[in-house]
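One structure is given below, encoded as structure tokens.
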Amino acid sequence: MVIMETELLTSNDIKRAGALLRAGEVVAFPTETVYGLGADATNEAAVKKVFTAKGRPADNPLIMTIADEKQLHDFVLVSEAARQLMTAFWPGSLTIILPIKPEKVAMIVTGGLQTVAFRLPDNDVARAVIRDAGVPIVGPSANTSGKPSPTTAQHVWHDMSGKIAAIVDDGPTQIGVESTVIDMSSKVPTILRPGAVTQQQLQDVLGVTVIDATSTTSVASDVTPKAPGMKYRHYAPDKRVVMFDRLDAIDLMHSLQTHDVVMAQDTTIEVMKLSLEQSWSLGETLENATEQLFAGLRFYDDEAQVATIYVEKMSPIGIGKAFNNRLAKAAGNQEFNL
């Protein structure tokens, strides 16, 4: 891959970011969830650059990101139920899978499927960049494929400097994990990736049962997944990650080795009597924990003396389900047991 000079832009450089996207370049952009890696979704050569920069498998479909709802109608068939979700949750942390119109979306974007996912982010800078570009953009997370997602421009720089044209810095993201993905191309609305928009919220809007397939769906090696995060290893640092339950905090405390660190909520850190050098605060709420998860994993992955990262699981309610989903993938489902 050709090494290039990566520009670091700000929210004052919208037109520069839009011009680069129109020229077929790759530009990292902020959202409320994580930073995305943007390229013109209608330009196959530009989209290929995203796969190259990330080292992403070709059968892992991409999400198309838009500035307003009008941008999706040329590409997909929108049902009344899908429109209800857009009205309720857009702009916001919900990605909706829809059937594509014939020959309207490049197969490199869909992974060869006849469906594609769309999202309208709740971030003014992201929408302004896409609006200036004048086209929908692909928007996978702006990290090396399989590694923890980036929640700051500095995280993106760490993974993407020299690989992409520019990074638009808009400060830390607010949510910290990727959007909820719901499949509206199937007979029954089905959640394929948990996020900030919950199953109950979706059911309240649609007035029908919504299946949560995030813990039961597996994808065979020869099958293309409908959504990112379903098939390949994701969110994992190079260091060993182990999940633990807060009920096991004291047992874990007594078994910690010199090169072990703990990521946990403040009350758990206090119970375990951990020092600042031994721990990363996940705050006091589920929202705090989700916001801090990837940042902590990235920090410790760069610390040479760290061997194992122990991370506290959250209550599986609301956004806690999204936290546990990402943590389980990062840990390869490995849990602390005495």
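Order determines the names: the first chain of the structure tokens is A, the second B, and so forth; residues in each chain are numbered 1 upward, and ligands are numbered 1 upward as they are shown.
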>> Residues within 10 Å of Lys48 of chain A, please, as an NGL selection string. Count only C-alpha atoms; anything in the same chain fewer than 2 positions from it doesn't count.
In response: :A and (26 or 39 or 43-46 or 50-53 or 56 or 58 or 108-109)
Include all heavy atoms and write out the residues we just selected as an mmCIF file, in the first residue's frame.
data_model
loop_
_atom_site.group_PDB
_atom_site.id
_atom_site.type_symbol
_atom_site.label_atom_id
_atom_site.label_comp_id
_atom_site.auth_asym_id
_atom_site.auth_seq_id
_atom_site.Cartn_x
_atom_site.Cartn_y
_atom_site.Cartn_z
ATOM 1 N N VAL A 26 -10.171 8.670 0.811
ATOM 2 C CA VAL A 26 -10.765 8.164 2.050
ATOM 3 C C VAL A 26 -10.542 9.176 3.165
ATOM 4 O O VAL A 26 -9.416 9.629 3.388
ATOM 5 C CB VAL A 26 -10.160 6.797 2.436
ATOM 6 C CG1 VAL A 26 -10.757 6.303 3.748
ATOM 7 C CG2 VAL A 26 -10.389 5.781 1.326
ATOM 8 N N ALA A 39 -15.802 7.059 2.334
ATOM 9 C CA ALA A 39 -15.444 7.124 0.919
ATOM 10 C C ALA A 39 -16.741 7.151 0.126
ATOM 11 O O ALA A 39 -17.778 6.652 0.590
ATOM 12 C CB ALA A 39 -14.597 5.925 0.501
ATOM 13 N N ASN A 43 -18.529 5.145 -5.818
ATOM 14 C CA ASN A 43 -17.252 5.059 -6.525
ATOM 15 C C ASN A 43 -16.527 3.789 -6.073
ATOM 16 O O ASN A 43 -15.965 3.746 -4.981
ATOM 17 C CB ASN A 43 -16.413 6.306 -6.214
ATOM 18 C CG ASN A 43 -15.068 6.324 -6.916
ATOM 19 O OD1 ASN A 43 -14.525 5.289 -7.287
ATOM 20 N ND2 ASN A 43 -14.507 7.514 -7.080
ATOM 21 N N GLU A 44 -16.560 2.738 -6.891
ATOM 22 C CA GLU A 44 -15.998 1.451 -6.485
ATOM 23 C C GLU A 44 -14.510 1.540 -6.173
ATOM 24 O O GLU A 44 -14.024 0.880 -5.249
ATOM 25 C CB GLU A 44 -16.251 0.394 -7.564
ATOM 26 C CG GLU A 44 -17.706 -0.012 -7.680
ATOM 27 C CD GLU A 44 -17.885 -1.260 -8.523
ATOM 28 O OE1 GLU A 44 -17.133 -2.230 -8.314
ATOM 29 O OE2 GLU A 44 -18.782 -1.266 -9.392
ATOM 30 N N ALA A 45 -13.768 2.347 -6.932
ATOM 31 C CA ALA A 45 -12.334 2.485 -6.682
ATOM 32 C C ALA A 45 -12.086 3.099 -5.312
ATOM 33 O O ALA A 45 -11.163 2.696 -4.589
ATOM 34 C CB ALA A 45 -11.688 3.336 -7.775
ATOM 35 N N ALA A 46 -12.922 4.068 -4.928
ATOM 36 C CA ALA A 46 -12.783 4.702 -3.615
ATOM 37 C C ALA A 46 -13.127 3.714 -2.508
ATOM 38 O O ALA A 46 -12.447 3.651 -1.470
ATOM 39 C CB ALA A 46 -13.687 5.935 -3.532
ATOM 40 N N VAL A 50 -11.002 1.766 1.088
ATOM 41 C CA VAL A 50 -11.424 1.540 2.473
ATOM 42 C C VAL A 50 -11.057 0.126 2.907
ATOM 43 O O VAL A 50 -10.503 -0.090 3.998
ATOM 44 C CB VAL A 50 -12.941 1.778 2.629
ATOM 45 C CG1 VAL A 50 -13.426 1.312 3.999
ATOM 46 C CG2 VAL A 50 -13.277 3.247 2.421
ATOM 47 N N PHE A 51 -11.361 -0.866 2.063
ATOM 48 C CA PHE A 51 -11.007 -2.256 2.378
ATOM 49 C C PHE A 51 -9.502 -2.403 2.552
ATOM 50 O O PHE A 51 -9.027 -3.106 3.461
ATOM 51 C CB PHE A 51 -11.503 -3.190 1.278
ATOM 52 C CG PHE A 51 -12.976 -3.487 1.334
ATOM 53 C CD1 PHE A 51 -13.879 -2.709 0.641
ATOM 54 C CD2 PHE A 51 -13.447 -4.537 2.096
ATOM 55 C CE1 PHE A 51 -15.243 -2.989 0.692
ATOM 56 C CE2 PHE A 51 -14.797 -4.832 2.163
ATOM 57 C CZ PHE A 51 -15.692 -4.050 1.454
ATOM 58 N N THR A 52 -8.736 -1.723 1.709
ATOM 59 C CA THR A 52 -7.280 -1.811 1.783
ATOM 60 C C THR A 52 -6.756 -1.172 3.058
ATOM 61 O O THR A 52 -5.909 -1.749 3.758
ATOM 62 C CB THR A 52 -6.642 -1.124 0.560
ATOM 63 O OG1 THR A 52 -7.081 -1.783 -0.629
ATOM 64 C CG2 THR A 52 -5.123 -1.188 0.634
ATOM 65 N N ALA A 53 -7.246 0.017 3.390
ATOM 66 C CA ALA A 53 -6.780 0.730 4.582
ATOM 67 C C ALA A 53 -7.073 -0.056 5.852
ATOM 68 O O ALA A 53 -6.244 -0.118 6.762
ATOM 69 C CB ALA A 53 -7.426 2.114 4.645
ATOM 70 N N ARG A 56 -9.808 -5.140 5.565
ATOM 71 C CA ARG A 56 -11.136 -5.699 5.818
ATOM 72 C C ARG A 56 -11.454 -6.800 4.812
ATOM 73 O O ARG A 56 -11.225 -6.646 3.616
ATOM 74 C CB ARG A 56 -12.167 -4.578 5.701
ATOM 75 C CG ARG A 56 -13.615 -4.954 6.050
ATOM 76 C CD ARG A 56 -14.508 -3.754 5.784
ATOM 77 N NE ARG A 56 -15.912 -3.997 6.072
ATOM 78 C CZ ARG A 56 -16.490 -3.721 7.228
ATOM 79 N NH1 ARG A 56 -15.791 -3.171 8.210
ATOM 80 N NH2 ARG A 56 -17.785 -3.945 7.415
ATOM 81 N N ALA A 58 -13.383 -8.946 2.093
ATOM 82 C CA ALA A 58 -14.230 -8.436 1.014
ATOM 83 C C ALA A 58 -15.695 -8.823 1.188
ATOM 84 O O ALA A 58 -16.582 -8.176 0.620
ATOM 85 C CB ALA A 58 -13.721 -8.942 -0.331
ATOM 86 N N ILE A 108 -19.551 -4.475 -4.163
ATOM 87 C CA ILE A 108 -18.435 -4.336 -3.221
ATOM 88 C C ILE A 108 -18.918 -3.732 -1.906
ATOM 89 O O ILE A 108 -18.367 -4.002 -0.838
ATOM 90 C CB ILE A 108 -17.294 -3.484 -3.826
ATOM 91 C CG1 ILE A 108 -16.058 -3.558 -2.923
ATOM 92 C CG2 ILE A 108 -17.734 -2.035 -4.055
ATOM 93 C CD1 ILE A 108 -14.849 -2.850 -3.505
ATOM 94 N N VAL A 109 -19.986 -2.936 -1.960
ATOM 95 C CA VAL A 109 -20.560 -2.332 -0.755
ATOM 96 C C VAL A 109 -21.403 -3.344 0.005
ATOM 97 O O VAL A 109 -21.355 -3.425 1.233
ATOM 98 C CB VAL A 109 -21.415 -1.095 -1.111
ATOM 99 C CG1 VAL A 109 -22.118 -0.550 0.133
ATOM 100 C CG2 VAL A 109 -20.549 -0.015 -1.746
#
>> DSSP on the backbone: which residues in segment 183-220 of chain A end up as alpha helix (DSSP H)? Give the answer as a PyMOL selection string.
In response: chain A and resi 199-206
May I have the residues from that selection written out with all heavy atoms, as a short mmCIF file (atom, residue, chain, number, x, y, z; two decimals), in the first residue's frame?
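again.cif, freshly written:
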data_model
loop_
_atom_site.label_atom_id
_atom_site.label_comp_id
_atom_site.auth_asym_id
_atom_site.auth_seq_id
_atom_site.Cartn_x
_atom_site.Cartn_y
_atom_site.Cartn_z
N GLN A 199 -33.99 -3.05 21.92
CA GLN A 199 -35.08 -3.89 21.40
C GLN A 199 -36.44 -3.33 21.81
O GLN A 199 -37.36 -3.25 20.99
CB GLN A 199 -34.90 -5.32 21.91
CG GLN A 199 -35.96 -6.30 21.43
CD GLN A 199 -35.75 -7.69 22.01
OE1 GLN A 199 -35.03 -7.87 23.01
NE2 GLN A 199 -36.35 -8.69 21.41
N GLN A 200 -36.57 -2.93 23.07
CA GLN A 200 -37.85 -2.42 23.55
C GLN A 200 -38.24 -1.13 22.83
O GLN A 200 -39.40 -0.94 22.46
CB GLN A 200 -37.80 -2.18 25.06
CG GLN A 200 -39.15 -1.83 25.67
CD GLN A 200 -40.18 -2.93 25.45
OE1 GLN A 200 -39.97 -4.07 25.83
NE2 GLN A 200 -41.31 -2.58 24.81
N GLN A 201 -37.28 -0.24 22.62
CA GLN A 201 -37.57 1.00 21.90
C GLN A 201 -38.05 0.72 20.48
O GLN A 201 -38.98 1.37 19.99
CB GLN A 201 -36.32 1.88 21.86
CG GLN A 201 -35.94 2.50 23.18
CD GLN A 201 -34.63 3.27 23.09
OE1 GLN A 201 -33.61 2.74 22.64
NE2 GLN A 201 -34.64 4.53 23.52
N LEU A 202 -37.42 -0.24 19.81
CA LEU A 202 -37.82 -0.59 18.45
C LEU A 202 -39.22 -1.18 18.43
O LEU A 202 -40.04 -0.86 17.56
CB LEU A 202 -36.81 -1.58 17.86
CG LEU A 202 -35.40 -1.02 17.63
CD1 LEU A 202 -34.41 -2.15 17.39
CD2 LEU A 202 -35.39 -0.05 16.44
N GLN A 203 -39.54 -2.05 19.40
CA GLN A 203 -40.86 -2.65 19.46
C GLN A 203 -41.93 -1.62 19.76
O GLN A 203 -43.04 -1.68 19.23
CB GLN A 203 -40.88 -3.77 20.51
CG GLN A 203 -40.06 -4.98 20.10
CD GLN A 203 -40.10 -6.12 21.10
OE1 GLN A 203 -39.96 -7.28 20.73
NE2 GLN A 203 -40.29 -5.80 22.37
N ASP A 204 -41.59 -0.65 20.60
CA ASP A 204 -42.55 0.40 20.94
C ASP A 204 -42.95 1.20 19.71
O ASP A 204 -44.11 1.60 19.56
CB ASP A 204 -41.97 1.33 22.00
CG ASP A 204 -41.87 0.69 23.38
OD1 ASP A 204 -42.49 -0.37 23.57
OD2 ASP A 204 -41.15 1.23 24.24
N VAL A 205 -41.99 1.44 18.83
CA VAL A 205 -42.27 2.23 17.62
C VAL A 205 -43.01 1.38 16.58
O VAL A 205 -43.99 1.83 15.97
CB VAL A 205 -40.97 2.79 17.01
CG1 VAL A 205 -41.22 3.37 15.62
CG2 VAL A 205 -40.38 3.84 17.93
N LEU A 206 -42.55 0.15 16.37
CA LEU A 206 -43.12 -0.69 15.32
C LEU A 206 -44.44 -1.34 15.72
O LEU A 206 -45.26 -1.68 14.85
CB LEU A 206 -42.12 -1.77 14.91
CG LEU A 206 -40.84 -1.28 14.23
CD1 LEU A 206 -39.89 -2.45 14.02
CD2 LEU A 206 -41.14 -0.60 12.90
#
> Leaving out Ile100 of chain A and any residue of its chain fewer than 3 positions from it, which residues lie within 6 Å of it when counting only C-alpha atoms, given as a ChimeraX atom specification?
Replying inline: /A:75-76,114-115
Residues just named, written with all heavy atoms as a compact mmCIF listing (two decimals), in the first residue's frame:
# COMPACT_ATOMS: atom_id res chain seq x y z
N PHE A 75 -31.41 4.28 -3.92
CA PHE A 75 -30.67 3.04 -3.76
C PHE A 75 -31.49 1.88 -3.21
O PHE A 75 -31.19 0.72 -3.51
CB PHE A 75 -29.47 3.27 -2.84
CG PHE A 75 -28.56 4.36 -3.32
CD1 PHE A 75 -28.66 5.66 -2.82
CD2 PHE A 75 -27.60 4.11 -4.28
CE1 PHE A 75 -27.83 6.67 -3.27
CE2 PHE A 75 -26.76 5.11 -4.74
CZ PHE A 75 -26.87 6.40 -4.23
N VAL A 76 -32.49 2.16 -2.37
CA VAL A 76 -33.18 1.09 -1.65
C VAL A 76 -34.69 1.27 -1.69
O VAL A 76 -35.21 2.35 -1.97
CB VAL A 76 -32.72 1.02 -0.18
CG1 VAL A 76 -31.32 0.49 -0.05
CG2 VAL A 76 -32.86 2.39 0.50
N GLN A 114 -28.25 -8.66 -1.77
CA GLN A 114 -29.26 -7.78 -2.36
C GLN A 114 -29.88 -6.86 -1.31
O GLN A 114 -31.00 -6.37 -1.46
CB GLN A 114 -30.36 -8.63 -3.04
CG GLN A 114 -29.86 -9.40 -4.25
CD GLN A 114 -29.27 -8.49 -5.32
OE1 GLN A 114 -29.89 -7.52 -5.73
NE2 GLN A 114 -28.05 -8.81 -5.78
N THR A 115 -29.14 -6.63 -0.24
CA THR A 115 -29.54 -5.71 0.81
C THR A 115 -28.37 -4.80 1.13
O THR A 115 -27.21 -5.14 0.87
CB THR A 115 -29.95 -6.45 2.10
OG1 THR A 115 -28.84 -7.27 2.53
CG2 THR A 115 -31.18 -7.31 1.88
>> Using only C-alpha atoms for the distances, tell me which of A:Ile130, A:Asn288, A:Val27, A:Leu37 is nearest to Gly176 of chain A.
In response: A:Asn288
> Could you pull the residues within 12 Å of Arg83 of chain A, counting only C-alpha atoms, minus those fewer than 3 positions along the same chain, as JSON, numbers by chain?
Replying inline: {"A": [69, 70, 72, 73, 77, 78, 79, 80, 86, 87, 88, 89, 90, 96, 97, 98, 184, 205, 206]}
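The neighbours of Ile167 of chain A here are the residues that come within 9 Å of it, using only C-alpha atoms and leaving out any residue fewer than 6 positions away in the same chain; they are Thr6, Glu7, Leu8, Leu9, Thr10, Ala17, Val26, Val27, Ala28, Phe29, Pro30, Leu37, Ala153, Val156, Trp157, Met160 and Ser161 of chain A.
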>> Based on the backbone DSSP call, show me all residues of segment 159-316 of chain A assigned strand (DSSP E), as a VMD selection string.
In response: chain A and resid 166 to 168 180 to 183 190 to 193 211 to 212 240 to 244 260 to 264 279 to 281 308 to 312
>> Give me, as a VMD selection string, all polymer residues having an atom no more than 6 Å from segment 236-252 of chain A, counting only C-alpha atoms and skipping those fewer than 3 positions away in the same chain.
In response: chain A and resid 147 to 148 255 301 308 to 313 330 to 331 334 to 336
Okay, now the selection with C-alpha atoms, as a short mmCIF file (atom, residue, chain, number, x, y, z; two decimals), in the first residue's frame?
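File part-v8.cif, as written:
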data_model
loop_
_atom_site.label_atom_id
_atom_site.label_comp_id
_atom_site.auth_asym_id
_atom_site.auth_seq_id
_atom_site.Cartn_x
_atom_site.Cartn_y
_atom_site.Cartn_z
CA LYS A 147 -9.18 -4.10 16.51
CA PRO A 148 -11.03 -1.89 19.04
CA SER A 255 -5.50 -13.61 41.88
CA ASP A 301 -2.90 -2.48 24.24
CA THR A 308 -3.94 -9.32 30.68
CA ILE A 309 -6.85 -6.87 30.71
CA TYR A 310 -9.71 -7.89 32.99
CA VAL A 311 -12.96 -6.09 32.11
CA GLU A 312 -16.13 -6.03 34.20
CA LYS A 313 -19.33 -7.15 32.49
CA ALA A 330 -12.88 -8.61 22.35
CA ALA A 331 -12.34 -11.37 24.93
CA GLN A 334 -13.09 -15.86 27.82
CA GLU A 335 -14.31 -15.35 31.41
CA PHE A 336 -12.56 -15.27 34.79
#
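Between atom CA of Gln71 of chain A and atom CA of Ala117 of chain A there is a distance of 12.9 Å.
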> Which one is closest to Val116 of chain A: A:Met4, A:Leu20, A:Ala41, A:Val168? Count only C-alpha atoms.
Replying inline: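 Checking each candidate against Val116 of chain A, we get A:Ala41 as the closest.
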Give me the residues of segment 45-142 of chain A that have any atom at most 9 Å from an atom of segment 188-197 of chain A; for each, the nearest atom pair and the distance in Å, rounded to one decimal. Use only C-alpha atoms, sort by chain and number, and format it as JSON lines.
{"residue": "A:Phe89", "atom": "CA", "partner": "A:Val197", "partner_atom": "CA", "distance": 8.0}
{"residue": "A:Gly92", "atom": "CA", "partner": "A:Val197", "partner_atom": "CA", "distance": 8.6}
{"residue": "A:Ser93", "atom": "CA", "partner": "A:Ala196", "partner_atom": "CA", "distance": 6.3}
{"residue": "A:Leu94", "atom": "CA", "partner": "A:Val197", "partner_atom": "CA", "distance": 6.4}
Include N, CA and C atoms and write out the residues we just selected as an mmCIF file, in the first residue's frame.
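What landed in again_6.cif:
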data_model
loop_
_atom_site.group_PDB
_atom_site.id
_atom_site.type_symbol
_atom_site.label_atom_id
_atom_site.label_comp_id
_atom_site.auth_asym_id
_atom_site.auth_seq_id
_atom_site.Cartn_x
_atom_site.Cartn_y
_atom_site.Cartn_z
ATOM 1 N N PHE A 89 -35.892 7.539 15.081
ATOM 2 C CA PHE A 89 -34.509 7.406 15.566
ATOM 3 C C PHE A 89 -33.454 8.113 14.719
ATOM 4 N N GLY A 92 -29.479 9.404 14.356
ATOM 5 C CA GLY A 92 -29.208 8.677 15.585
ATOM 6 C C GLY A 92 -28.526 7.354 15.369
ATOM 7 N N SER A 93 -28.435 6.602 16.455
ATOM 8 C CA SER A 93 -27.605 5.399 16.499
ATOM 9 C C SER A 93 -28.364 4.149 16.077
ATOM 10 N N LEU A 94 -28.991 4.223 14.908
ATOM 11 C CA LEU A 94 -29.707 3.073 14.354
ATOM 12 C C LEU A 94 -29.347 2.906 12.886
#
>> I want to know what sits within 9 Å of segment 61-63 of chain A, based on only C-alpha atoms, with residues of the same chain fewer than 3 positions away left out; could you give that as a list in words?
In response: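 Answer for this query is Pro57, Ala58, Thr95, Ile97, Met107, Ile108, Val109, Thr110, Gly111, Gly112, Leu113, Val116, Ala117, Phe118, Arg119, Ile137, Val138, Gly139, Pro140, Thr224, Pro225, Lys226, Ala227 and Pro228 of chain A.
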> Separation of atom CA of Ser145 of chain A and atom CA of Lys54 of chain A, in Å?
Replying inline: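 Here the two named atoms are 5.1 Å from each other.
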